[in-house]
Amino acid sequence: ERIYNQQVAKLLLKAIEALPERERALLRAHYWEGKNLLEAGKELGISKSWASRIHAQAVERLREELEKLTG
């Protein structure tokens with residue numbers, strides 16, 4: 001199970017690295033720094049609404065990238 005979790009983490013990091021910088025920054029602020037989308041958006045100079053759109057786009061790109069990486 002530990003090895004599986006490590007493999008999943010590596011795939012996820014690789015997928016995140018493939019995202020555009022703005023999307024990576026938003027995900028980093030939201031998930032790793034614990035900021036809500038309003039705070040993360042403000043940090044990037046965008047509205048909460050726009051941050052929400054970027055978040056949805058980033059999640060979709062991650063899903064697509066993970067599908068590519070896992071076949």
# chains A, B, ... in the order shown; residues from 1 in each chain; ligands from 1
$ residues_around --residues "range 10-23 of chain A" --least-positions-apart "2" --cutoff "10 Å" --atoms "only C-alpha atoms" --output "list in words"
Tyr4, Asn5, Gln6, Gln7, Val8, Ala25, Leu26, Leu27, Arg28, Ala29, Leu44, Ala51, Ile54, His55, Ala56, Gln57, Ala58, Val59, Arg61, Leu62, Arg63, Glu64, Glu65, Leu66, Glu67, Lys68, Leu69 and Thr70 of chain A
$ select_by_dssp --residues "chain A" --states "alpha helix (DSSP H)" --output "PyMOL selection string"
chain A and resi 2-17+21-27+37-44+48-70
$ atom_distance --atom1 "CA of Lys35 in chain A" --atom2 "CA of Arg2 in chain A"
28.2 Å
